[in-house]
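Content type TSV, C-alpha atoms, from the file target_31.tsv:
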chain	number	residue	atom	x	y	z
A	1	MET	CA	-18.74	-21.59	22.10
A	2	THR	CA	-19.16	-23.44	18.79
A	3	TYR	CA	-17.41	-21.05	16.41
A	4	ASP	CA	-19.93	-21.97	13.77
A	5	LEU	CA	-20.06	-19.17	11.27
A	6	LYS	CA	-22.09	-17.44	8.62
A	7	ALA	CA	-20.49	-15.94	5.53
A	8	GLU	CA	-22.27	-13.76	3.00
A	9	THR	CA	-21.92	-10.99	0.46
A	10	VAL	CA	-23.11	-7.63	1.76
A	11	THR	CA	-23.10	-4.00	0.68
A	12	ILE	CA	-21.26	-1.45	2.80
A	13	THR	CA	-20.76	2.29	2.57
A	14	GLY	CA	-17.18	3.09	1.63
A	15	TYR	CA	-15.17	6.13	0.65
A	16	GLY	CA	-17.22	9.07	-0.55
A	17	GLY	CA	-20.47	7.41	0.48
A	18	ASP	CA	-20.10	4.83	-2.29
A	19	GLU	CA	-21.96	1.57	-1.87
A	20	ILE	CA	-19.45	-1.23	-2.38
A	21	GLU	CA	-19.49	-4.99	-2.22
A	22	ALA	CA	-17.98	-6.79	0.77
A	23	TYR	CA	-17.67	-10.29	2.16
A	24	LEU	CA	-18.78	-10.67	5.76
A	25	ALA	CA	-18.03	-13.72	7.90
A	26	GLN	CA	-19.08	-13.83	11.54
A	27	PRO	CA	-19.44	-16.37	14.33
A	28	LEU	CA	-22.98	-17.50	15.07
A	29	ASP	CA	-22.48	-17.48	18.83
A	30	LYS	CA	-23.61	-14.42	20.74
A	31	GLY	CA	-20.21	-12.80	21.26
A	32	PRO	CA	-18.99	-10.17	21.81
A	33	TYR	CA	-16.25	-10.39	19.21
A	34	GLY	CA	-13.47	-8.22	17.92
A	35	GLY	CA	-13.52	-7.19	14.29
A	36	VAL	CA	-11.00	-7.73	11.51
A	37	VAL	CA	-11.02	-5.88	8.20
A	38	VAL	CA	-9.33	-8.16	5.66
A	39	ILE	CA	-7.65	-6.18	2.88
A	40	HIS	CA	-7.26	-8.24	-0.25
A	41	HIS	CA	-4.10	-8.35	-2.36
A	42	MET	CA	-3.64	-7.02	-5.89
A	43	PRO	CA	-5.19	-10.15	-7.46
A	44	GLY	CA	-8.37	-8.99	-5.86
A	45	TYR	CA	-11.45	-10.07	-4.01
A	46	ASP	CA	-10.71	-13.70	-4.66
A	47	GLU	CA	-11.47	-17.12	-3.23
A	48	PRO	CA	-8.26	-17.48	-1.19
A	49	THR	CA	-8.90	-14.16	0.55
A	50	LYS	CA	-12.52	-15.11	1.21
A	51	GLU	CA	-11.14	-18.27	2.81
A	52	ILE	CA	-8.94	-16.10	5.04
A	53	THR	CA	-11.99	-14.03	5.96
A	54	ARG	CA	-13.90	-17.15	6.98
A	55	ARG	CA	-10.89	-18.33	8.96
A	56	PHE	CA	-11.10	-15.31	11.21
A	57	ALA	CA	-14.81	-15.91	11.81
A	58	ALA	CA	-14.03	-19.51	12.75
A	59	ARG	CA	-11.56	-18.18	15.29
A	60	GLY	CA	-14.00	-15.81	16.92
A	61	TYR	CA	-13.79	-12.54	15.01
A	62	ILE	CA	-16.22	-10.65	12.84
A	63	ALA	CA	-14.32	-10.44	9.57
A	64	LEU	CA	-15.18	-8.20	6.66
A	65	MET	CA	-13.38	-7.92	3.34
A	66	PRO	CA	-14.38	-4.94	1.18
A	67	ASN	CA	-14.10	-5.43	-2.57
A	68	LEU	CA	-11.64	-2.64	-3.32
A	69	TYR	CA	-12.36	-2.98	-7.03
A	70	SER	CA	-16.13	-2.55	-6.70
A	71	ARG	CA	-16.02	0.75	-8.53
A	72	GLU	CA	-13.81	-0.29	-11.45
A	73	ALA	CA	-15.49	-3.61	-12.02
A	74	PRO	CA	-18.83	-4.13	-10.25
A	75	GLY	CA	-19.93	-7.74	-10.51
A	76	ALA	CA	-16.90	-8.83	-12.54
A	77	ALA	CA	-14.91	-12.00	-11.93
A	78	PRO	CA	-12.11	-11.29	-9.43
A	79	ASP	CA	-9.33	-11.78	-11.97
A	80	ASP	CA	-11.02	-9.53	-14.53
A	81	ALA	CA	-11.63	-6.92	-11.85
A	82	ALA	CA	-8.00	-7.06	-10.76
A	83	ALA	CA	-6.84	-6.64	-14.36
A	84	ALA	CA	-9.15	-3.65	-14.84
A	85	ALA	CA	-7.98	-2.02	-11.61
A	86	ARG	CA	-4.36	-2.67	-12.49
A	87	ALA	CA	-4.80	-1.09	-15.91
A	88	GLN	CA	-6.10	2.01	-14.16
A	89	GLY	CA	-3.11	2.27	-11.80
A	90	GLY	CA	-4.50	0.57	-8.71
A	91	VAL	CA	-6.43	1.84	-5.70
A	92	PRO	CA	-5.75	5.41	-4.49
A	93	ASP	CA	-4.70	5.59	-0.84
A	94	GLU	CA	-7.40	8.04	0.21
A	95	ARG	CA	-10.11	5.79	-1.21
A	96	LEU	CA	-8.63	2.73	0.47
A	97	VAL	CA	-8.68	4.38	3.87
A	98	GLY	CA	-12.30	5.40	3.33
A	99	ASP	CA	-13.29	1.88	2.38
A	100	VAL	CA	-11.53	0.37	5.41
A	101	LYS	CA	-13.20	2.98	7.63
A	102	GLY	CA	-16.57	2.02	6.21
A	103	ALA	CA	-15.84	-1.66	6.74
A	104	GLY	CA	-14.94	-1.00	10.37
A	105	GLU	CA	-18.11	0.99	10.92
A	106	ARG	CA	-20.16	-1.85	9.47
A	107	ILE	CA	-18.50	-4.35	11.82
A	108	ASN	CA	-19.12	-2.16	14.85
A	109	SER	CA	-22.76	-1.71	13.88
A	110	LEU	CA	-23.33	-5.42	14.51
A	111	PRO	CA	-24.73	-6.36	17.93
A	112	SER	CA	-22.03	-8.97	18.50
A	113	ALA	CA	-19.15	-6.51	18.00
A	114	ASN	CA	-16.97	-5.63	20.99
A	115	GLY	CA	-15.86	-2.35	19.43
A	116	LYS	CA	-12.26	-3.35	18.81
A	117	LEU	CA	-10.97	-3.31	15.26
A	118	GLY	CA	-7.96	-4.69	13.48
A	119	THR	CA	-6.76	-4.95	9.91
A	120	ILE	CA	-4.76	-7.53	8.03
A	121	GLY	CA	-3.46	-7.44	4.49
A	122	TYR	CA	-1.08	-9.25	2.21
A	123	CYS	CA	1.33	-7.77	-0.32
A	124	SER	CA	-0.28	-4.51	-1.49
A	125	GLY	CA	-2.89	-5.17	1.19
A	126	GLY	CA	-0.09	-5.31	3.75
A	127	ARG	CA	0.94	-1.82	2.78
A	128	GLN	CA	-2.70	-0.77	2.97
A	129	SER	CA	-3.05	-2.35	6.42
A	130	PHE	CA	-0.13	-0.22	7.62
A	131	LEU	CA	-1.64	2.81	5.88
A	132	SER	CA	-4.97	2.18	7.60
A	133	ALA	CA	-3.29	1.86	10.99
A	134	CYS	CA	-1.61	5.24	10.41
A	135	SER	CA	-4.90	6.84	9.35
A	136	LEU	CA	-7.66	5.33	11.49
A	137	PRO	CA	-8.17	4.68	15.22
A	138	LEU	CA	-7.56	0.93	15.04
A	139	ASP	CA	-6.61	-1.42	17.88
A	140	ALA	CA	-4.24	-3.73	15.98
A	141	ALA	CA	-2.84	-4.12	12.49
A	142	VAL	CA	-1.10	-6.96	10.70
A	143	ALA	CA	1.00	-6.36	7.58
A	144	CYS	CA	2.16	-9.43	5.69
A	145	TYR	CA	5.07	-8.72	3.31
A	146	PRO	CA	3.95	-5.14	2.58
A	147	GLY	CA	5.69	-3.73	-0.47
A	148	MET	CA	6.34	-0.06	-1.21
A	149	VAL	CA	6.18	1.16	2.38
A	150	VAL	CA	9.81	2.22	2.36
A	151	LYS	CA	10.96	2.38	-1.27
A	152	PRO	CA	9.22	4.37	-3.99
A	153	PRO	CA	8.18	2.58	-7.16
A	154	PRO	CA	10.22	3.33	-10.29
A	155	PRO	CA	8.74	6.41	-12.02
A	156	GLN	CA	7.71	4.44	-15.09
A	157	TYR	CA	5.30	2.39	-12.94
A	158	ASN	CA	2.76	5.20	-13.18
A	159	LEU	CA	1.04	4.17	-9.94
A	160	LYS	CA	-1.39	6.12	-7.80
A	161	VAL	CA	0.55	5.18	-4.65
A	162	GLY	CA	4.03	5.71	-3.23
A	163	PRO	CA	6.07	5.00	-0.11
A	164	ILE	CA	4.45	5.78	3.24
A	165	LEU	CA	7.28	5.49	5.74
A	166	HIS	CA	6.68	9.13	6.66
A	167	LEU	CA	3.29	8.13	8.09
A	168	ALA	CA	4.88	5.89	10.73
A	169	LYS	CA	4.72	8.72	13.25
A	170	ASP	CA	0.91	8.49	13.05
A	171	LEU	CA	0.67	4.74	13.72
A	172	HIS	CA	-2.30	4.40	16.08
A	173	CYS	CA	-1.96	0.82	17.24
A	174	PRO	CA	0.37	-2.15	17.68
A	175	LEU	CA	1.67	-3.51	14.38
A	176	LEU	CA	2.57	-7.11	13.59
A	177	GLY	CA	4.80	-7.47	10.53
A	178	LEU	CA	5.47	-10.82	8.88
A	179	PHE	CA	8.16	-11.04	6.20
A	180	GLY	CA	10.12	-13.47	4.07
A	181	GLU	CA	13.87	-13.07	4.10
A	182	GLU	CA	14.05	-13.84	0.38
A	183	ASP	CA	11.52	-11.18	-0.56
A	184	GLN	CA	12.71	-8.18	-2.59
A	185	ASN	CA	9.68	-5.97	-2.01
A	186	PRO	CA	9.94	-5.54	0.92
A	187	SER	CA	13.59	-6.49	1.02
A	188	PRO	CA	15.34	-7.31	4.32
A	189	ASP	CA	16.82	-3.79	4.16
A	190	ASP	CA	13.33	-2.31	3.80
A	191	VAL	CA	12.15	-4.31	6.81
A	192	ALA	CA	15.14	-3.13	8.83
A	193	THR	CA	14.43	0.48	7.87
A	194	LEU	CA	10.79	0.25	8.93
A	195	ASP	CA	11.74	-1.56	12.15
A	196	LYS	CA	14.26	1.12	13.01
A	197	GLU	CA	11.84	3.95	12.25
A	198	LEU	CA	9.11	2.47	14.43
A	199	ALA	CA	11.57	1.80	17.26
A	200	GLN	CA	12.81	5.39	17.15
A	201	LEU	CA	9.23	6.62	17.28
A	202	GLY	CA	8.44	4.37	20.23
A	203	LYS	CA	5.70	2.55	18.31
A	204	THR	CA	4.68	-0.89	19.54
A	205	HIS	CA	5.51	-3.41	16.86
A	206	GLU	CA	6.49	-7.02	16.46
A	207	PHE	CA	8.33	-8.17	13.34
A	208	HIS	CA	9.13	-11.72	12.26
A	209	SER	CA	11.19	-12.57	9.18
A	210	TYR	CA	11.30	-16.15	7.98
A	211	PRO	CA	14.38	-17.72	6.38
A	212	GLY	CA	13.73	-19.69	3.22
A	213	ALA	CA	10.53	-17.77	2.57
A	214	GLY	CA	9.89	-15.08	0.00
A	215	HIS	CA	6.91	-13.00	-0.98
A	216	ALA	CA	3.45	-14.55	-0.57
A	217	PHE	CA	4.56	-17.41	1.68
A	218	PHE	CA	1.02	-17.61	3.15
A	219	ALA	CA	-0.52	-18.36	-0.28
A	220	VAL	CA	-1.38	-22.05	-0.21
A	221	ASP	CA	-2.17	-22.11	-3.93
A	222	ARG	CA	1.17	-20.74	-5.10
A	223	PRO	CA	4.70	-22.15	-5.41
A	224	ALA	CA	5.73	-19.48	-2.90
A	225	TYR	CA	3.86	-21.27	-0.11
A	226	ARG	CA	6.16	-22.10	2.80
A	227	PRO	CA	4.31	-24.22	5.36
A	228	GLU	CA	6.70	-23.61	8.26
A	229	ALA	CA	6.57	-19.83	7.83
A	230	ALA	CA	2.82	-19.80	7.21
A	231	VAL	CA	1.95	-21.98	10.19
A	232	ASP	CA	4.13	-19.95	12.52
A	233	GLY	CA	2.79	-16.75	10.98
A	234	TRP	CA	-0.81	-17.77	11.65
A	235	HIS	CA	0.12	-18.54	15.26
A	236	ARG	CA	1.60	-15.07	15.54
A	237	VAL	CA	-1.53	-13.49	14.08
A	238	ASP	CA	-3.81	-15.45	16.42
A	239	ALA	CA	-1.76	-14.47	19.46
A	240	PHE	CA	-1.55	-10.84	18.38
A	241	TYR	CA	-5.28	-10.44	17.79
A	242	GLY	CA	-5.99	-12.43	20.94
A	243	ARG	CA	-4.02	-9.85	22.87
A	244	TYR	CA	-5.45	-6.72	21.27
A	245	LEU	CA	-8.88	-7.53	19.81
A	246	ALA	CA	-10.48	-10.32	21.81
A	247	SER	CA	-13.04	-9.44	24.44
B	1	MET	CA	7.38	-9.67	-4.73
B	2	CYS	CA	4.72	-7.75	-6.61
B	3	THR	CA	6.15	-5.79	-9.50
B	4	TYR	CA	3.19	-3.43	-9.97
B	5	HIS	CA	4.62	-2.28	-13.30
B	6	THR	CA	2.22	-2.33	-16.25
B	7	ASP	CA	2.81	-1.37	-19.88
B	8	HIS	CA	-0.14	-0.25	-21.97
B	9	VAL	CA	-0.42	-0.80	-25.71
B	10	ALA	CA	-3.22	0.63	-27.83
B	11	LEU	CA	-4.17	-1.81	-30.56
B	12	SER	CA	-6.87	-2.73	-32.98
B	13	GLY	CA	-8.12	-6.22	-33.67
B	14	SER	CA	-10.39	-8.80	-32.15
B	15	GLY	CA	-10.19	-11.40	-29.43
B	16	LYS	CA	-12.31	-14.27	-28.24
B	17	GLY	CA	-13.19	-14.14	-24.56
B	18	ALA	CA	-15.57	-15.90	-22.23
B	19	ASP	CA	-18.59	-14.44	-24.05
B	20	GLY	CA	-17.28	-14.88	-27.59
B	21	TRP	CA	-15.58	-12.52	-29.98
B	22	PHE	CA	-15.21	-8.84	-29.22
B	23	THR	CA	-13.29	-5.85	-30.55
B	24	LEU	CA	-9.98	-5.16	-28.81
B	25	SER	CA	-8.79	-1.67	-28.04
B	26	ALA	CA	-5.72	-2.23	-25.87
B	27	ALA	CA	-3.39	-4.66	-24.19
B	28	THR	CA	-1.67	-4.49	-20.84
B	29	VAL	CA	1.64	-6.27	-20.38
B	30	TYR	CA	3.21	-6.99	-17.00
B	31	PHE	CA	5.49	-9.39	-15.17
B	32	ASP	CA	3.85	-10.34	-11.90
B	33	HIS	CA	2.06	-13.06	-9.99
B	34	PRO	CA	-0.19	-15.21	-12.15
B	35	VAL	CA	-3.74	-16.18	-11.30
B	36	HIS	CA	-3.48	-19.68	-12.73
B	37	ALA	CA	0.00	-20.61	-13.97
B	38	ALA	CA	2.14	-22.68	-11.61
B	39	ALA	CA	4.91	-20.13	-11.27
B	40	GLU	CA	5.73	-17.36	-8.87
B	41	HIS	CA	5.84	-14.76	-11.63
B	42	THR	CA	4.78	-14.84	-15.25
B	43	LEU	CA	4.73	-12.53	-18.24
B	44	ASN	CA	1.07	-11.60	-18.41
B	45	VAL	CA	-0.83	-10.07	-21.29
B	46	ASP	CA	-4.43	-8.93	-21.09
B	47	PHE	CA	-6.09	-8.14	-24.40
B	48	ILE	CA	-8.93	-5.87	-23.40
B	49	ASN	CA	-11.64	-3.42	-24.35
B	50	PRO	CA	-12.43	-1.35	-21.24
B	51	ALA	CA	-15.44	0.20	-22.94
B	52	LEU	CA	-17.08	-3.22	-22.92
B	53	GLY	CA	-16.35	-3.86	-19.24
B	54	PRO	CA	-13.79	-5.83	-17.23
B	55	GLY	CA	-15.03	-9.15	-18.61
B	56	ALA	CA	-13.98	-8.19	-22.14
B	57	ARG	CA	-10.55	-9.69	-21.63
B	58	VAL	CA	-8.40	-12.40	-23.13
B	59	ALA	CA	-5.67	-13.21	-20.63
B	60	VAL	CA	-2.47	-15.20	-20.98
B	61	GLU	CA	0.18	-15.98	-18.36
B	62	LEU	CA	3.48	-17.10	-19.92
B	63	ASP	CA	6.86	-18.10	-18.58
B	64	PRO	CA	9.41	-15.51	-19.74
B	65	ALA	CA	11.11	-17.82	-22.28
B	66	SER	CA	7.75	-18.66	-23.83
B	67	ALA	CA	6.87	-14.98	-23.96
B	68	ARG	CA	10.10	-14.20	-25.80
B	69	ALA	CA	9.53	-17.02	-28.26
B	70	LEU	CA	6.00	-15.79	-28.84
B	71	ALA	CA	7.18	-12.20	-29.31
B	72	GLU	CA	9.76	-13.31	-31.87
B	73	ALA	CA	7.14	-15.34	-33.72
B	74	ILE	CA	4.79	-12.37	-33.74
B	75	LEU	CA	7.53	-10.09	-35.08
B	76	ALA	CA	8.44	-12.62	-37.77
B	77	ALA	CA	4.80	-12.94	-38.78
B	78	ALA	CA	4.42	-9.16	-38.75
B	79	ASP	CA	7.46	-8.86	-41.02
B	80	MET	CA	5.87	-11.34	-43.37
B	81	ALA	CA	2.65	-9.34	-43.31
B	82	GLY	CA	4.69	-6.28	-44.18
B	83	ALA	CA	6.29	-8.09	-47.11
B	84	TRP	CA	2.90	-9.20	-48.41
B	85	ALA	CA	1.66	-5.64	-48.07
B	86	VAL	CA	4.28	-4.34	-50.52
B	87	PRO	CA	2.46	-3.52	-53.75
B	88	ALA	CA	3.51	-5.59	-56.75
B	89	THR	CA	5.52	-3.64	-59.31
For the file at hand, write its structure as structure tokens.
Amino acid sequence: MTYDLKAETVTITGYGGDEIEAYLAQPLDKGPYGGVVVIHHMPGYDEPTKEITRRFAARGYIALMPNLYSREAPGAAPDDAAAAARAQGGVPDERLVGDVKGAGERINSLPSANGKLGTIGYCSGGRQSFLSACSLPLDAAVACYPGMVVKPPPPQYNLKVGPILHLAKDLHCPLLGLFGEEDQNPSPDDVATLDKELAQLGKTHEFHSYPGAGHAFFAVDRPAYRPEAAVDGWHRVDAFYGRYLAS
Amino acid sequence: MCTYHTDHVALSGSGKGADGWFTLSAATVYFDHPVHAAAEHTLNVDFINPALGPGARVAVELDPASARALAEAILAAADMAGAWAVPAT
């Protein structure tokens, strides 16, 4: 197995039958491979998240990142698209789930797919990964520092989304959560609340919180980057997907 | 953390973006992760005209102290504009 890969921009069918842009990276070997839907963060369908998508392909997964801002800003630069989406209050939950569902269907339509699907997301995408795992028949989900799962946003935020702790009872698959102890959204108390809720519901989950790390510790292009936490976190992700998604 | 919070300000004026000058209709103001600035959070202002598309945007990412200094300078200049606008008697 070479783990050579191909990465390209494609069009997929998302929520409501909408045609949306997506970034597909897949190994060139025959497979079969598990699939990963990469959910980008609020800053959008950007280069760092495309790099993450390619990373999964290099590790033997078919990875697909839908552009969640395709509707607000088709063809726009990622930062302009993110600003436009932000000004409109962000991505509605129902639409997000539809787009992730469409991404999963596209992955499983490929001849090299093994039929298993996971999600991963960072920040707002972490929340959306958890949301997807509570809404769709996935096999594994990873949520990296997901904000607003437990606590509601202040009312003046005027967002289209709110807390989704009440959906935990519907979690369909094992959940890997990766957190920074210095993060405030989610705070250590939020993480403890979610952990406790999932334990009481008997949901398979694995949480790791890193000391000295805050929000966005995976982001190599930000001051928040914490190599020790990020390297260990990637090992956890690889092991988790290896257990639940690999053929 | 992501703050998510965004303030909206309707305004009139012009800005110069990637494709040259355009008419502004609004600004969004928020304290959150920057795209470019070397800081975890910045005070971000997008001068925009949504009717012209997402690319009609002039963006700045400022450290909070700089943003305050800028705001004070803008208010001082606006006061001066107000003084100049007073009709001569």
Show me a table, sorted first by chain and then by increasing residue number, of the residues of range 4-81 of chain B having an atom at most 10 Å from range 62-81 of chain A, each with its shortest atom pair and the distance in Å to one decimal, counting all atoms listed in the file and written as a tab-separated table.
residue	atom	partner	partner_atom	distance
B:Pro34	CA	A:Asp79	CA	9.8
B:Val35	CA	A:Asp79	CA	7.1
B:His36	CA	A:Asp79	CA	9.9
B:Asp46	CA	A:Asp80	CA	9.3
B:Ile48	CA	A:Asp80	CA	9.8
B:Pro50	CA	A:Glu72	CA	9.9
B:Gly53	CA	A:Ala73	CA	7.3
B:Pro54	CA	A:Asp80	CA	5.4
B:Gly55	CA	A:Asp80	CA	5.7
B:Ala56	CA	A:Asp80	CA	8.3
B:Arg57	CA	A:Asp80	CA	7.1
B:Val58	CA	A:Asp80	CA	9.4
B:Ala59	CA	A:Asp80	CA	8.9
Using all atoms listed in the file, I'd like a table of the residues in chain A that come within 10 Å of chain B; for each, show the closest atom pair and its distance in Å rounded to one decimal, ordered by chain and ascending number, as a tab-separated table.
residue	atom	partner	partner_atom	distance
A:His41	CA	B:Cys2	CA	9.8
A:Met42	CA	B:Cys2	CA	8.4
A:Pro43	CA	B:Val35	CA	7.3
A:Asp46	CA	B:Val35	CA	9.9
A:Glu72	CA	B:Pro54	CA	8.0
A:Ala73	CA	B:Pro54	CA	5.9
A:Pro74	CA	B:Pro54	CA	8.8
A:Gly75	CA	B:Pro54	CA	9.3
A:Ala76	CA	B:Gly55	CA	6.4
A:Ala77	CA	B:Gly55	CA	7.3
A:Pro78	CA	B:Pro54	CA	9.7
A:Asp79	CA	B:Val35	CA	7.1
A:Asp80	CA	B:Pro54	CA	5.4
A:Ala81	CA	B:Pro54	CA	5.9
A:Ala82	CA	B:Pro54	CA	8.8
A:Ala83	CA	B:Asp46	CA	7.5
A:Ala84	CA	B:Pro54	CA	5.7
A:Ala85	CA	B:Pro54	CA	8.9
A:Arg86	CA	B:Thr6	CA	7.6
A:Ala87	CA	B:Thr28	CA	6.8
A:Gln88	CA	B:Thr6	CA	9.6
A:Gly89	CA	B:Thr6	CA	8.3
A:Gly90	CA	B:Tyr4	CA	8.8
A:Cys123	CA	B:Cys2	CA	7.1
A:Ser124	CA	B:Cys2	CA	7.9
A:Tyr145	CA	B:Met1	CA	8.4
A:Pro146	CA	B:Met1	CA	9.3
A:Gly147	CA	B:Cys2	CA	7.4
A:Met148	CA	B:Cys2	CA	9.5
A:Pro153	CA	B:Tyr4	CA	8.3
A:Pro154	CA	B:His5	CA	8.5
A:Pro155	CA	B:His5	CA	9.7
A:Gln156	CA	B:His5	CA	7.6
A:Tyr157	CA	B:His5	CA	4.7
A:Asn158	CA	B:His5	CA	7.7
A:Leu159	CA	B:Tyr4	CA	7.9
A:Gly180	CA	B:Met1	CA	10.0
A:Glu182	CA	B:Met1	CA	9.4
A:Asp183	CA	B:Met1	CA	6.1
A:Gln184	CA	B:Met1	CA	5.9
A:Asn185	CA	B:Met1	CA	5.1
A:Pro186	CA	B:Met1	CA	7.5
A:Ser187	CA	B:Met1	CA	9.0
A:Gly214	CA	B:Met1	CA	7.6
A:His215	CA	B:Met1	CA	5.0
A:Ala216	CA	B:Met1	CA	7.5
A:Asp221	CA	B:Ala38	CA	8.8
A:Arg222	CA	B:Glu40	CA	6.8
A:Pro223	CA	B:Glu40	CA	6.0
A:Ala224	CA	B:Glu40	CA	6.3
A:Tyr225	CA	B:Glu40	CA	9.8
Would you output that residue set with C-alpha atoms, as a short mmCIF file (atom, residue, chain, number, x, y, z; two decimals), in the frame of the given file?
data_model
loop_
_atom_site.label_atom_id
_atom_site.label_comp_id
_atom_site.auth_asym_id
_atom_site.auth_seq_id
_atom_site.Cartn_x
_atom_site.Cartn_y
_atom_site.Cartn_z
CA HIS A 41 -4.10 -8.35 -2.36
CA MET A 42 -3.64 -7.02 -5.89
CA PRO A 43 -5.19 -10.15 -7.46
CA ASP A 46 -10.71 -13.70 -4.66
CA GLU A 72 -13.81 -0.29 -11.45
CA ALA A 73 -15.49 -3.61 -12.02
CA PRO A 74 -18.83 -4.13 -10.25
CA GLY A 75 -19.93 -7.74 -10.51
CA ALA A 76 -16.90 -8.83 -12.54
CA ALA A 77 -14.91 -12.00 -11.93
CA PRO A 78 -12.11 -11.29 -9.43
CA ASP A 79 -9.33 -11.78 -11.97
CA ASP A 80 -11.02 -9.53 -14.53
CA ALA A 81 -11.63 -6.92 -11.85
CA ALA A 82 -8.00 -7.06 -10.76
CA ALA A 83 -6.84 -6.64 -14.36
CA ALA A 84 -9.15 -3.65 -14.84
CA ALA A 85 -7.98 -2.02 -11.61
CA ARG A 86 -4.36 -2.67 -12.49
CA ALA A 87 -4.80 -1.09 -15.91
CA GLN A 88 -6.10 2.01 -14.16
CA GLY A 89 -3.11 2.27 -11.80
CA GLY A 90 -4.50 0.57 -8.71
CA CYS A 123 1.33 -7.77 -0.32
CA SER A 124 -0.28 -4.51 -1.49
CA TYR A 145 5.07 -8.72 3.31
CA PRO A 146 3.95 -5.14 2.58
CA GLY A 147 5.69 -3.73 -0.47
CA MET A 148 6.34 -0.06 -1.21
CA PRO A 153 8.18 2.58 -7.16
CA PRO A 154 10.22 3.33 -10.29
CA PRO A 155 8.74 6.41 -12.02
CA GLN A 156 7.71 4.44 -15.09
CA TYR A 157 5.30 2.39 -12.94
CA ASN A 158 2.76 5.20 -13.18
CA LEU A 159 1.04 4.17 -9.94
CA GLY A 180 10.12 -13.47 4.07
CA GLU A 182 14.05 -13.84 0.38
CA ASP A 183 11.52 -11.18 -0.56
CA GLN A 184 12.71 -8.18 -2.59
CA ASN A 185 9.68 -5.97 -2.01
CA PRO A 186 9.94 -5.54 0.92
CA SER A 187 13.59 -6.49 1.02
CA GLY A 214 9.89 -15.08 0.00
CA HIS A 215 6.91 -13.00 -0.98
CA ALA A 216 3.45 -14.55 -0.57
CA ASP A 221 -2.17 -22.11 -3.93
CA ARG A 222 1.17 -20.74 -5.10
CA PRO A 223 4.70 -22.15 -5.41
CA ALA A 224 5.73 -19.48 -2.90
CA TYR A 225 3.86 -21.27 -0.11
#
Show me, as a tab-separated table (two decimals) with C-alpha atoms, in the frame of the given file, the residues that have an atom within 6 Å of range 60-65 of chain B when counting only C-alpha atoms, minus same-chain residues fewer than 5 positions from it.
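Full text of selection.tsv as output:
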chain	number	residue	atom	x	y	z
B	42	THR	CA	4.78	-14.84	-15.25
B	43	LEU	CA	4.73	-12.53	-18.24
B	44	ASN	CA	1.07	-11.60	-18.41
B	45	VAL	CA	-0.83	-10.07	-21.29
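With CA of Ile39 in chain A on one side and CA of Phe47 in chain B on the other, the separation reads 27.4 Å.
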(message) Please return as a PyMOL selection string every residue within 10 Å of (-2.7, 6.8, -3.2), taking into account all atoms listed in the file and the file's own coordinates.
(response) chain A and resi 89-97+128+131+159-164
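For Gly14 in chain A, the set of protein, DNA and RNA residues having any atom at most 6 Å away, when counting all atoms listed in the file and skipping those fewer than 3 positions along the same chain, is Gly17, Asp18, Gly98, Asp99 and Gly102 of chain A.
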What would the file be for range 202-212 of chain A if you keep N, CA and C atoms and write it as a compact mmCIF listing (two decimals), in the first residue's frame?
# COMPACT_ATOMS: atom_id res chain seq x y z
N GLY A 202 -24.84 5.74 28.93
CA GLY A 202 -24.17 4.52 28.48
C GLY A 202 -23.59 4.64 27.08
N LYS A 203 -23.25 5.85 26.66
CA LYS A 203 -22.71 6.08 25.33
C LYS A 203 -21.19 5.91 25.33
N THR A 204 -20.70 5.15 24.36
CA THR A 204 -19.25 4.94 24.25
C THR A 204 -18.57 6.26 23.88
N HIS A 205 -17.66 6.67 24.73
CA HIS A 205 -16.93 7.91 24.43
C HIS A 205 -15.58 7.89 25.11
N GLU A 206 -14.68 8.68 24.55
CA GLU A 206 -13.31 8.74 25.04
C GLU A 206 -12.89 10.20 25.01
N PHE A 207 -12.66 10.79 26.17
CA PHE A 207 -12.31 12.20 26.25
C PHE A 207 -10.88 12.36 26.73
N HIS A 208 -10.18 13.32 26.13
CA HIS A 208 -8.83 13.66 26.58
C HIS A 208 -8.75 15.18 26.67
N SER A 209 -8.30 15.65 27.83
CA SER A 209 -8.11 17.10 28.04
C SER A 209 -6.63 17.35 28.31
N TYR A 210 -6.09 18.33 27.59
CA TYR A 210 -4.65 18.57 27.65
C TYR A 210 -4.32 19.79 28.50
N PRO A 211 -3.47 19.62 29.51
CA PRO A 211 -3.03 20.77 30.30
C PRO A 211 -2.13 21.68 29.45
N GLY A 212 -2.22 22.97 29.71
CA GLY A 212 -1.38 23.92 28.99
C GLY A 212 -1.88 24.21 27.58
